[in-house]
>>> print(open('upload.cif').read())   # mmCIF, C-alpha atoms
data_run
loop_
_atom_site.group_PDB
_atom_site.id
_atom_site.type_symbol
_atom_site.label_atom_id
_atom_site.label_comp_id
_atom_site.auth_asym_id
_atom_site.auth_seq_id
_atom_site.Cartn_x
_atom_site.Cartn_y
_atom_site.Cartn_z
ATOM 1 C CA MET A 1 -29.583 13.985 -11.683
ATOM 2 C CA SER A 2 -29.608 12.257 -8.285
ATOM 3 C CA GLU A 3 -26.417 12.221 -6.245
ATOM 4 C CA LYS A 4 -24.528 8.933 -5.995
ATOM 5 C CA PRO A 5 -24.977 7.223 -2.587
ATOM 6 C CA GLU A 6 -21.928 7.707 -0.362
ATOM 7 C CA ILE A 7 -21.517 3.941 0.172
ATOM 8 C CA VAL A 8 -21.289 3.384 -3.599
ATOM 9 C CA ALA A 9 -18.819 6.274 -3.989
ATOM 10 C CA ARG A 10 -16.540 4.860 -1.267
ATOM 11 C CA VAL A 11 -16.587 1.417 -2.897
ATOM 12 C CA GLU A 12 -15.548 2.938 -6.234
ATOM 13 C CA GLU A 13 -12.806 4.948 -4.526
ATOM 14 C CA PHE A 14 -11.465 1.798 -2.847
ATOM 15 C CA LEU A 15 -11.480 -0.144 -6.149
ATOM 16 C CA ALA A 16 -9.534 2.690 -7.819
ATOM 17 C CA ALA A 17 -6.985 2.597 -4.978
ATOM 18 C CA LEU A 18 -6.622 -1.180 -5.348
ATOM 19 C CA LYS A 19 -5.887 -0.795 -9.040
ATOM 20 C CA ASN A 20 -3.631 2.255 -8.995
ATOM 21 C CA GLU A 21 -1.833 2.046 -5.646
ATOM 22 C CA ARG A 22 -1.631 -1.650 -4.868
ATOM 23 C CA GLY A 23 -1.340 -3.061 -8.378
ATOM 24 C CA ALA A 24 -4.052 -5.652 -7.791
ATOM 25 C CA SER A 25 -4.610 -8.192 -10.569
ATOM 26 C CA GLU A 26 -7.682 -8.053 -12.828
ATOM 27 C CA HIS A 27 -8.983 -11.211 -11.157
ATOM 28 C CA THR A 28 -8.704 -9.626 -7.677
ATOM 29 C CA LEU A 29 -10.318 -6.395 -8.850
ATOM 30 C CA ARG A 30 -13.275 -8.243 -10.380
ATOM 31 C CA ALA A 31 -13.783 -10.247 -7.186
ATOM 32 C CA TYR A 32 -13.708 -7.163 -4.929
ATOM 33 C CA GLU A 33 -15.953 -5.225 -7.293
ATOM 34 C CA ARG A 34 -18.551 -7.999 -7.344
ATOM 35 C CA GLU A 35 -18.623 -8.498 -3.556
ATOM 36 C CA LEU A 36 -18.561 -4.832 -2.552
ATOM 37 C CA LYS A 37 -21.043 -3.575 -5.128
ATOM 38 C CA ASN A 38 -23.480 -6.283 -4.039
ATOM 39 C CA PHE A 39 -23.026 -5.197 -0.414
ATOM 40 C CA ALA A 40 -23.472 -1.512 -1.346
ATOM 41 C CA VAL A 41 -26.688 -2.265 -3.257
ATOM 42 C CA HIS A 42 -27.965 -4.227 -0.239
ATOM 43 C CA MET A 43 -27.178 -1.407 2.215
ATOM 44 C CA VAL A 44 -28.736 1.294 0.027
ATOM 45 C CA ALA A 45 -31.870 -0.827 -0.433
ATOM 46 C CA LYS A 46 -32.178 -1.420 3.326
ATOM 47 C CA GLN A 47 -31.093 1.961 4.698
ATOM 48 C CA GLY A 48 -31.545 4.475 1.886
ATOM 49 C CA ALA A 49 -29.179 6.430 -0.363
ATOM 50 C CA LYS A 50 -28.178 8.922 2.353
ATOM 51 C CA PHE A 51 -26.924 6.244 4.769
ATOM 52 C CA GLY A 52 -23.160 6.825 5.258
ATOM 53 C CA VAL A 53 -20.367 4.296 5.748
ATOM 54 C CA GLN A 54 -19.691 5.550 9.293
ATOM 55 C CA ARG A 55 -23.179 4.354 10.324
ATOM 56 C CA ILE A 56 -22.668 0.742 9.214
ATOM 57 C CA GLU A 57 -22.425 -1.580 12.233
ATOM 58 C CA HIS A 58 -21.571 -5.258 12.614
ATOM 59 C CA PRO A 59 -25.202 -6.486 13.063
ATOM 60 C CA GLN A 60 -25.986 -5.077 9.591
ATOM 61 C CA ILE A 61 -23.032 -6.965 8.100
ATOM 62 C CA ARG A 62 -24.183 -10.152 9.845
ATOM 63 C CA ALA A 63 -27.677 -9.628 8.454
ATOM 64 C CA TYR A 64 -26.203 -9.309 4.949
ATOM 65 C CA LEU A 65 -24.286 -12.571 5.354
ATOM 66 C CA SER A 66 -27.475 -14.265 6.571
ATOM 67 C CA GLU A 67 -29.190 -13.051 3.421
ATOM 68 C CA LEU A 68 -26.403 -14.597 1.325
ATOM 69 C CA TYR A 69 -26.925 -17.909 3.132
ATOM 70 C CA GLY A 70 -30.649 -17.564 2.430
ATOM 71 C CA ARG A 71 -29.915 -17.261 -1.278
ATOM 72 C CA GLY A 72 -28.107 -20.606 -1.114
ATOM 73 C CA LEU A 73 -24.527 -19.335 -1.187
ATOM 74 C CA SER A 74 -21.902 -21.670 0.267
ATOM 75 C CA LYS A 75 -19.829 -20.926 3.365
ATOM 76 C CA ALA A 76 -16.804 -20.342 1.139
ATOM 77 C CA SER A 77 -18.670 -17.740 -0.964
ATOM 78 C CA THR A 78 -19.971 -16.003 2.161
ATOM 79 C CA ALA A 79 -16.466 -15.979 3.663
ATOM 80 C CA ARG A 80 -15.149 -14.329 0.474
ATOM 81 C CA ALA A 81 -17.808 -11.626 0.729
ATOM 82 C CA LEU A 82 -16.874 -10.955 4.372
ATOM 83 C CA ALA A 83 -13.153 -10.826 3.529
ATOM 84 C CA ALA A 84 -13.822 -8.184 0.865
ATOM 85 C CA ILE A 85 -15.945 -6.113 3.274
ATOM 86 C CA ARG A 86 -13.221 -6.343 5.946
ATOM 87 C CA SER A 87 -10.547 -5.132 3.507
ATOM 88 C CA TRP A 88 -12.775 -2.260 2.446
ATOM 89 C CA PHE A 89 -13.347 -1.174 6.045
ATOM 90 C CA LYS A 90 -9.614 -1.365 6.826
ATOM 91 C CA TRP A 91 -9.051 1.045 3.966
ATOM 92 C CA LEU A 92 -11.953 3.266 5.111
ATOM 93 C CA ALA A 93 -10.412 3.442 8.605
ATOM 94 C CA ARG A 94 -6.969 4.350 7.213
ATOM 95 C CA ARG A 95 -8.545 7.114 5.133
ATOM 96 C CA GLY A 96 -10.459 8.422 8.163
ATOM 97 C CA TYR A 97 -13.927 7.686 6.772
ATOM 98 C CA VAL A 98 -14.744 5.430 9.751
ATOM 99 C CA GLU A 99 -13.340 5.139 13.270
ATOM 100 C CA GLN A 100 -13.196 1.346 13.417
ATOM 101 C CA ASN A 101 -13.763 -1.775 11.355
ATOM 102 C CA PRO A 102 -17.201 -3.239 12.223
ATOM 103 C CA ALA A 103 -16.532 -6.238 9.960
ATOM 104 C CA SER A 104 -13.745 -7.359 12.334
ATOM 105 C CA LEU A 105 -16.473 -8.151 14.893
ATOM 106 C CA VAL A 106 -18.149 -10.603 12.502
ATOM 107 C CA ALA A 107 -16.871 -14.191 12.736
ATOM 108 C CA THR A 108 -15.721 -15.870 9.545
ATOM 109 C CA PRO A 109 -17.831 -18.941 8.638
ATOM 110 C CA LYS A 110 -15.960 -22.134 9.538
ATOM 111 C CA LEU A 111 -14.833 -23.822 6.355
ATOM 112 C CA PRO A 112 -14.011 -27.492 5.867
ATOM 113 C CA LYS A 113 -10.277 -27.961 5.274
ATOM 114 C CA HIS A 114 -9.938 -29.223 1.737
ATOM 115 C CA LEU A 115 -6.411 -30.112 0.781
ATOM 116 C CA PRO A 116 -5.768 -29.986 -2.953
ATOM 117 C CA ARG A 117 -5.503 -33.317 -4.725
ATOM 118 C CA VAL A 118 -1.956 -33.441 -5.991
ATOM 119 C CA PRO A 119 -0.795 -35.776 -8.769
ATOM 120 C CA THR A 120 2.172 -38.017 -8.007
ATOM 121 C CA ILE A 121 5.631 -37.337 -9.446
ATOM 122 C CA GLU A 122 5.112 -40.219 -11.894
ATOM 123 C CA GLN A 123 1.745 -38.819 -13.015
ATOM 124 C CA MET A 124 3.205 -35.345 -13.568
ATOM 125 C CA ASN A 125 6.141 -36.721 -15.555
ATOM 126 C CA ARG A 126 3.702 -38.668 -17.748
ATOM 127 C CA VAL A 127 1.558 -35.578 -18.341
ATOM 128 C CA VAL A 128 4.466 -33.248 -19.153
ATOM 129 C CA ASP A 129 6.144 -35.837 -21.392
ATOM 130 C CA GLY A 130 2.825 -36.444 -23.142
ATOM 131 C CA VAL A 131 2.137 -32.793 -24.027
ATOM 132 C CA ALA A 132 3.202 -33.179 -27.667
ATOM 133 C CA GLU A 133 0.706 -36.023 -28.210
ATOM 134 C CA GLU A 134 -2.261 -34.057 -26.877
ATOM 135 C CA ALA A 135 -1.464 -30.449 -27.847
ATOM 136 C CA ALA A 136 -3.771 -29.648 -30.747
ATOM 137 C CA GLY A 137 -2.765 -26.149 -31.776
ATOM 138 C CA TRP A 138 0.808 -25.412 -30.773
ATOM 139 C CA PRO A 139 2.751 -28.260 -29.105
ATOM 140 C CA GLU A 140 5.956 -26.256 -28.520
ATOM 141 C CA ARG A 141 4.102 -23.487 -26.697
ATOM 142 C CA ASP A 142 1.974 -25.900 -24.679
ATOM 143 C CA ARG A 143 5.100 -27.762 -23.540
ATOM 144 C CA VAL A 144 6.473 -24.442 -22.225
ATOM 145 C CA ILE A 145 3.215 -23.852 -20.318
ATOM 146 C CA PHE A 146 3.566 -27.170 -18.466
ATOM 147 C CA GLU A 147 7.306 -26.827 -17.883
ATOM 148 C CA LEU A 148 6.888 -23.362 -16.334
ATOM 149 C CA LEU A 149 3.779 -24.112 -14.257
ATOM 150 C CA TYR A 150 5.139 -27.382 -12.864
ATOM 151 C CA GLY A 151 8.887 -26.826 -13.288
ATOM 152 C CA CYS A 152 8.906 -23.321 -11.766
ATOM 153 C CA GLY A 153 5.744 -23.364 -9.629
ATOM 154 C CA ILE A 154 4.490 -20.012 -10.892
ATOM 155 C CA ARG A 155 0.874 -18.860 -10.846
ATOM 156 C CA ASN A 156 -1.268 -18.787 -13.998
ATOM 157 C CA ALA A 157 -1.412 -14.962 -13.955
ATOM 158 C CA GLU A 158 2.373 -14.809 -13.495
ATOM 159 C CA LEU A 159 2.833 -17.181 -16.424
ATOM 160 C CA VAL A 160 0.786 -15.149 -18.918
ATOM 161 C CA GLY A 161 2.409 -11.933 -17.620
ATOM 162 C CA LEU A 162 5.900 -13.096 -18.600
ATOM 163 C CA ASN A 163 7.657 -11.101 -21.299
ATOM 164 C CA LEU A 164 10.421 -12.279 -23.604
ATOM 165 C CA ASN A 165 13.063 -10.278 -21.728
ATOM 166 C CA ASP A 166 12.051 -11.853 -18.378
ATOM 167 C CA ILE A 167 14.014 -14.962 -19.374
ATOM 168 C CA HIS A 168 17.516 -14.323 -18.017
ATOM 169 C CA TRP A 169 19.537 -16.945 -19.853
ATOM 170 C CA ALA A 170 22.908 -15.917 -18.377
ATOM 171 C CA ASN A 171 21.625 -16.407 -14.819
ATOM 172 C CA GLU A 172 19.431 -19.417 -15.692
ATOM 173 C CA ALA A 173 16.501 -17.640 -14.044
ATOM 174 C CA ILE A 174 13.104 -16.130 -14.820
ATOM 175 C CA LEU A 175 11.916 -12.783 -13.457
ATOM 176 C CA VAL A 176 8.371 -13.289 -12.156
ATOM 177 C CA ARG A 177 5.981 -10.501 -11.213
ATOM 178 C CA GLY A 178 3.812 -11.751 -8.381
ATOM 179 C CA LYS A 179 0.903 -10.373 -6.383
ATOM 180 C CA GLY A 180 1.032 -6.686 -5.445
ATOM 181 C CA ARG A 181 3.799 -5.971 -8.001
ATOM 182 C CA LYS A 182 6.307 -8.036 -6.005
ATOM 183 C CA GLN A 183 9.086 -9.510 -8.109
ATOM 184 C CA ARG A 184 11.127 -12.654 -7.601
ATOM 185 C CA HIS A 185 13.579 -14.750 -9.581
ATOM 186 C CA VAL A 186 12.918 -18.468 -10.006
ATOM 187 C CA PRO A 187 15.458 -20.941 -11.410
ATOM 188 C CA LEU A 188 15.078 -21.965 -15.031
ATOM 189 C CA GLY A 189 15.539 -25.735 -15.028
ATOM 190 C CA ASP A 190 17.076 -27.697 -17.883
ATOM 191 C CA ALA A 191 13.757 -29.156 -19.086
ATOM 192 C CA ALA A 192 12.066 -25.722 -19.118
ATOM 193 C CA ALA A 193 15.065 -24.200 -20.919
ATOM 194 C CA MET A 194 14.924 -26.920 -23.594
ATOM 195 C CA ALA A 195 11.187 -26.342 -24.070
ATOM 196 C CA LEU A 196 11.757 -22.592 -24.439
ATOM 197 C CA ARG A 197 14.541 -23.096 -26.995
ATOM 198 C CA ALA A 198 12.208 -25.270 -29.086
ATOM 199 C CA TYR A 199 9.352 -22.752 -28.807
ATOM 200 C CA LEU A 200 11.100 -19.396 -29.375
ATOM 201 C CA PRO A 201 11.988 -19.917 -33.084
ATOM 202 C CA GLU A 202 8.349 -20.952 -33.714
ATOM 203 C CA ARG A 203 7.168 -17.854 -31.849
ATOM 204 C CA ALA A 204 9.422 -15.586 -33.935
ATOM 205 C CA ALA A 205 8.350 -17.236 -37.205
ATOM 206 C CA ARG A 206 4.627 -16.826 -36.465
ATOM 207 C CA LEU A 207 5.018 -13.162 -35.534
ATOM 208 C CA SER A 208 7.098 -12.498 -38.635
ATOM 209 C CA ALA A 209 4.566 -14.216 -40.918
ATOM 210 C CA ALA A 210 1.771 -12.083 -39.416
ATOM 211 C CA GLY A 211 3.855 -8.886 -39.616
ATOM 212 C CA LYS A 212 3.429 -8.348 -35.898
ATOM 213 C CA SER A 213 5.562 -7.898 -32.802
ATOM 214 C CA SER A 214 4.818 -8.667 -29.153
ATOM 215 C CA GLU A 215 6.726 -8.497 -25.884
ATOM 216 C CA ALA A 216 4.626 -11.342 -24.450
ATOM 217 C CA LEU A 217 6.451 -14.639 -24.012
ATOM 218 C CA LEU A 218 3.396 -16.839 -24.542
ATOM 219 C CA LEU A 219 1.267 -16.011 -27.570
ATOM 220 C CA ASN A 220 -2.300 -16.935 -28.438
ATOM 221 C CA LEU A 221 -2.786 -19.066 -31.523
ATOM 222 C CA ARG A 222 -4.285 -16.371 -33.775
ATOM 223 C CA LEU A 223 -2.144 -13.516 -32.395
ATOM 224 C CA ARG A 224 -5.272 -11.574 -31.390
ATOM 225 C CA GLY A 225 -4.816 -8.207 -29.683
ATOM 226 C CA ASP A 226 -1.278 -7.795 -28.377
ATOM 227 C CA GLY A 227 -0.777 -11.520 -28.934
ATOM 228 C CA ARG A 228 -0.652 -12.407 -25.243
ATOM 229 C CA LEU A 229 -2.196 -15.685 -24.100
ATOM 230 C CA THR A 230 -4.928 -15.339 -21.432
ATOM 231 C CA THR A 231 -5.258 -17.191 -18.109
ATOM 232 C CA ARG A 232 -8.545 -18.661 -19.324
ATOM 233 C CA SER A 233 -6.849 -20.167 -22.379
ATOM 234 C CA VAL A 234 -4.061 -21.597 -20.206
ATOM 235 C CA GLY A 235 -6.725 -23.215 -18.008
ATOM 236 C CA ARG A 236 -8.339 -24.863 -21.023
ATOM 237 C CA ILE A 237 -5.010 -26.090 -22.416
ATOM 238 C CA VAL A 238 -3.897 -27.537 -19.067
ATOM 239 C CA LYS A 239 -7.211 -29.304 -18.462
ATOM 240 C CA ARG A 240 -7.423 -30.800 -21.960
ATOM 241 C CA ILE A 241 -3.892 -32.209 -21.933
ATOM 242 C CA ALA A 242 -3.874 -33.337 -18.282
ATOM 243 C CA VAL A 243 -7.237 -35.105 -18.490
ATOM 244 C CA ALA A 244 -6.171 -36.832 -21.713
ATOM 245 C CA GLN A 245 -3.137 -38.155 -19.790
ATOM 246 C CA GLY A 246 -5.304 -39.584 -17.007
ATOM 247 C CA LEU A 247 -5.536 -36.813 -14.390
ATOM 248 C CA PRO A 248 -8.909 -36.003 -12.710
ATOM 249 C CA ALA A 249 -11.329 -33.614 -14.418
ATOM 250 C CA ASP A 250 -10.883 -30.963 -11.703
ATOM 251 C CA VAL A 251 -7.254 -30.337 -12.709
ATOM 252 C CA HIS A 252 -6.299 -26.701 -13.369
ATOM 253 C CA PRO A 253 -3.078 -24.617 -13.574
ATOM 254 C CA HIS A 254 -2.925 -24.221 -9.787
ATOM 255 C CA THR A 255 -2.825 -28.036 -9.479
ATOM 256 C CA LEU A 256 0.601 -27.922 -11.139
ATOM 257 C CA ARG A 257 1.778 -25.254 -8.688
ATOM 258 C CA HIS A 258 0.632 -27.414 -5.758
ATOM 259 C CA ALA A 259 2.426 -30.376 -7.318
ATOM 260 C CA PHE A 260 5.624 -28.308 -7.605
ATOM 261 C CA GLY A 261 5.584 -27.433 -3.878
ATOM 262 C CA THR A 262 4.536 -30.874 -2.696
ATOM 263 C CA HIS A 263 7.065 -32.786 -4.783
ATOM 264 C CA MET A 264 9.932 -30.510 -3.749
ATOM 265 C CA LEU A 265 9.019 -31.086 -0.112
ATOM 266 C CA GLU A 266 8.810 -34.846 -0.626
ATOM 267 C CA GLU A 267 12.268 -34.813 -2.173
ATOM 268 C CA GLY A 268 13.732 -33.019 0.862
ATOM 269 C CA ALA A 269 13.592 -29.300 -0.048
ATOM 270 C CA ASP A 270 13.600 -26.792 2.801
ATOM 271 C CA LEU A 271 10.185 -25.233 3.493
ATOM 272 C CA ARG A 272 11.621 -21.706 3.469
ATOM 273 C CA ALA A 273 13.217 -22.270 0.073
ATOM 274 C CA ILE A 274 9.859 -23.470 -1.277
ATOM 275 C CA GLN A 275 8.229 -20.359 0.222
ATOM 276 C CA GLU A 276 10.671 -18.150 -1.713
ATOM 277 C CA LEU A 277 10.153 -20.038 -4.963
ATOM 278 C CA LEU A 278 6.355 -19.914 -4.694
ATOM 279 C CA GLY A 279 6.343 -16.242 -3.684
ATOM 280 C CA HIS A 280 4.274 -16.879 -0.555
ATOM 281 C CA GLU A 281 4.190 -13.930 1.819
ATOM 282 C CA ARG A 282 3.597 -16.171 4.844
ATOM 283 C CA LEU A 283 5.273 -19.450 5.705
ATOM 284 C CA SER A 284 1.899 -20.713 6.993
ATOM 285 C CA THR A 285 0.643 -20.749 3.379
ATOM 286 C CA THR A 286 3.573 -22.934 2.335
ATOM 287 C CA GLN A 287 3.053 -25.212 5.345
ATOM 288 C CA ARG A 288 -0.183 -26.456 3.779
ATOM 289 C CA TYR A 289 2.053 -28.675 1.664
ATOM 290 C CA THR A 290 3.381 -30.432 4.779
ATOM 291 C CA GLN A 291 -0.177 -31.541 5.560
ATOM 292 C CA LEU A 292 -0.265 -33.271 2.209
ATOM 293 C CA THR A 293 2.925 -35.189 2.855
ATOM 294 C CA VAL A 294 1.816 -36.175 6.371
ATOM 295 C CA GLY A 295 -1.360 -37.566 4.780
ATOM 296 C CA GLN A 296 0.699 -39.531 2.308
ATOM 297 C CA VAL A 297 2.876 -40.962 5.092
ATOM 298 C CA ALA A 298 -0.268 -42.072 6.958
ATOM 299 C CA GLU A 299 -1.552 -43.741 3.811
ATOM 300 C CA VAL A 300 1.710 -45.686 3.381
ATOM 301 C CA TYR A 301 1.589 -46.719 7.059
ATOM 302 C CA ASP A 302 -2.002 -47.946 6.763
ATOM 303 C CA ARG A 303 -1.167 -49.913 3.655
ATOM 304 C CA THR A 304 2.115 -51.505 4.762
ATOM 305 C CA HIS A 305 2.415 -51.850 8.557
ATOM 306 C CA PRO A 306 1.155 -55.206 9.859
ATOM 307 C CA ARG A 307 -0.334 -53.630 13.010
ATOM 308 C CA ALA A 308 -2.306 -51.088 10.980
ATOM 309 C CA LYS A 309 -4.395 -53.757 9.226
#
>>> encode(input="upload.cif", output="structure tokens")
Amino acid sequence: MSEKPEIVARVEEFLAALKNERGASEHTLRAYERELKNFAVHMVAKQGAKFGVQRIEHPQIRAYLSELYGRGLSKASTARALAAIRSWFKWLARRGYVEQNPASLVATPKLPKHLPRVPTIEQMNRVVDGVAEEAAGWPERDRVIFELLYGCGIRNAELVGLNLNDIHWANEAILVRGKGRKQRHVPLGDAAAMALRAYLPERAARLSAAGKSSEALLLNLRLRGDGRLTTRSVGRIVKRIAVAQGLPADVHPHTLRHAFGTHMLEEGADLRAIQELLGHERLSTTQRYTQLTVGQVAEVYDRTHPRAK
């Protein structure tokens, strides 16, 4: 049996470290696995199975990115591939497999700055209040989904990862497990609390009728597996209900998170407080929301000031 190429072995070792040491999400792991295995296959095809990671240099990485462009990949997709390769080489350097990170010498493709389209406060209120009309399978659960995504600003993966005992009623807070196993508490607002109180008896009744138990807060309709709802299902539910209430077809769970941050900022919330609530590691990530509000101010100016016409 032929020996596994060293490049492939180091990729697998890195992926195992991501999973076991850093607590990376399944989504992150799949993305890294896809990008790095494609790069490893490329390098082995070009240089041979005995070519080691310490011999990879930045011109070879550039050549790989050029090949991706040649296949018709977008700048954003190519930038993601480069980001994965950079992270891998950082890890290789820390482990002593390489002396330096050749990927750091490769410039990231310049990306157009797309700010997310954020629904207005009125639009979001209409959507959330209209959940019961559009929710086909389980209105009480679907109302909770919207109240937690928009009312608490949590990520889709954080939402489906919530367990029943993460709702801290006495403190009016929810324990959220974010990226890299980081935990934070977010306030449980009155509307979200009311939605949960309407949903929890239904949840208990369905589990009891099926003779099952589950620690997951949000359950799938047929109680498959451990009963936990998936991020993909949440995406479908959000899109169906939001589009039915007049939002654009590109709406997704992260749209509600952006709306949470933007609307808090518009109503006068401190940027640092929003950073804490969203679980952003860097304030610069949160500052993207200020660009949205500046754009909205400019739009109002253009529409209303007599000298702007």
>>> resolve_selection(input="upload.cif", expression="the PyMOL selection byres ((chain A and resi 70-87) around 8)", output="number ranges by chain")
A: 32, 35-36, 65-69, 88-91, 101, 103-104, 108-111
>>> closest_residue(input="upload.cif", among="A:Arg236, A:Arg10, A:Lys19, A:Arg177", to="Gly96 of chain A", atoms="only C-alpha atoms")
A:Arg10
>>> atom_distance(input="upload.cif", atom1="atom CA of Asp129 of chain A", atom2="atom CA of Ile145 of chain A")
12.4 Å
>>> closest_residue(input="upload.cif", among="A:Val243, A:Val238, A:Ala93, A:Ala45", to="Pro5 of chain A", atoms="all atoms listed in the file")
A:Ala45
>>> resolve_selection(input="upload.cif", expression="the PyMOL selection byres ((chain A and resi 49) around 9)", output="list in words")
Glu3, Lys4, Pro5, Glu6, Ile7, Met43, Val44, Ala45, Gln47, Gly48, Lys50, Phe51 and Gly52 of chain A
>>> write_last_selection(input="upload.cif", atoms="C-alpha atoms", output="PDB file, keeping the file's coordinate frame")
ATOM      1  CA  GLU A   3     -26.417  12.221  -6.245  1.00  0.00           C
ATOM      2  CA  LYS A   4     -24.528   8.933  -5.995  1.00  0.00           C
ATOM      3  CA  PRO A   5     -24.977   7.223  -2.587  1.00  0.00           C
ATOM      4  CA  GLU A   6     -21.928   7.707  -0.362  1.00  0.00           C
ATOM      5  CA  ILE A   7     -21.517   3.941   0.172  1.00  0.00           C
ATOM      6  CA  MET A  43     -27.178  -1.407   2.215  1.00  0.00           C
ATOM      7  CA  VAL A  44     -28.736   1.294   0.027  1.00  0.00           C
ATOM      8  CA  ALA A  45     -31.870  -0.827  -0.433  1.00  0.00           C
ATOM      9  CA  GLN A  47     -31.093   1.961   4.698  1.00  0.00           C
ATOM     10  CA  GLY A  48     -31.545   4.475   1.886  1.00  0.00           C
ATOM     11  CA  LYS A  50     -28.178   8.922   2.353  1.00  0.00           C
ATOM     12  CA  PHE A  51     -26.924   6.244   4.769  1.00  0.00           C
ATOM     13  CA  GLY A  52     -23.160   6.825   5.258  1.00  0.00           C
TER      14      GLY A  52
END
>>> axis_aligned_box(input="upload.cif", around="segment 150-156 of chain A", padding_each_side="3 Å", output="JSON")
{"center_x": 3.8, "center_y": -23.1, "center_z": -11.8, "size_x": 16.2, "size_y": 14.6, "size_z": 10.4}
>>> decode(input="upload.cif", residues="segment 223-238 of chain A", atoms="N, CA and C atoms", output="short mmCIF file (atom, residue, chain, number, x, y, z; two decimals), in the first residue's frame")
data_model
loop_
_atom_site.label_atom_id
_atom_site.label_comp_id
_atom_site.auth_asym_id
_atom_site.auth_seq_id
_atom_site.Cartn_x
_atom_site.Cartn_y
_atom_site.Cartn_z
N LEU A 223 -39.14 14.94 15.08
CA LEU A 223 -38.29 14.48 16.19
C LEU A 223 -37.27 13.45 15.73
N ARG A 224 -36.72 13.66 14.53
CA ARG A 224 -35.70 12.74 14.00
C ARG A 224 -34.41 12.88 14.80
N GLY A 225 -33.67 11.76 14.89
CA GLY A 225 -32.38 11.77 15.59
C GLY A 225 -32.55 12.16 17.04
N ASP A 226 -31.72 13.13 17.49
CA ASP A 226 -31.84 13.58 18.87
C ASP A 226 -32.90 14.67 19.01
N GLY A 227 -33.61 14.91 17.89
CA GLY A 227 -34.70 15.89 17.92
C GLY A 227 -34.29 17.31 17.59
N ARG A 228 -32.99 17.57 17.53
CA ARG A 228 -32.51 18.94 17.36
C ARG A 228 -32.75 19.45 15.93
N LEU A 229 -33.23 20.68 15.84
CA LEU A 229 -33.42 21.35 14.56
C LEU A 229 -32.05 21.67 13.94
N THR A 230 -31.94 21.63 12.62
CA THR A 230 -30.66 21.90 11.95
C THR A 230 -30.63 23.35 11.44
N THR A 231 -29.42 23.85 11.17
CA THR A 231 -29.27 25.20 10.63
C THR A 231 -29.93 25.31 9.25
N ARG A 232 -29.86 24.23 8.49
CA ARG A 232 -30.46 24.24 7.15
C ARG A 232 -31.98 24.41 7.25
N SER A 233 -32.58 23.72 8.19
CA SER A 233 -34.04 23.84 8.38
C SER A 233 -34.41 25.25 8.83
N VAL A 234 -33.60 25.83 9.73
CA VAL A 234 -33.86 27.20 10.18
C VAL A 234 -33.81 28.15 8.99
N GLY A 235 -32.82 27.96 8.11
CA GLY A 235 -32.70 28.79 6.91
C GLY A 235 -33.95 28.73 6.06
N ARG A 236 -34.48 27.53 5.88
CA ARG A 236 -35.69 27.35 5.06
C ARG A 236 -36.90 28.03 5.71
N ILE A 237 -37.03 27.86 7.02
CA ILE A 237 -38.16 28.43 7.75
C ILE A 237 -38.12 29.96 7.67
N VAL A 238 -36.94 30.52 7.92
CA VAL A 238 -36.78 31.98 7.90
C VAL A 238 -37.11 32.54 6.52
#
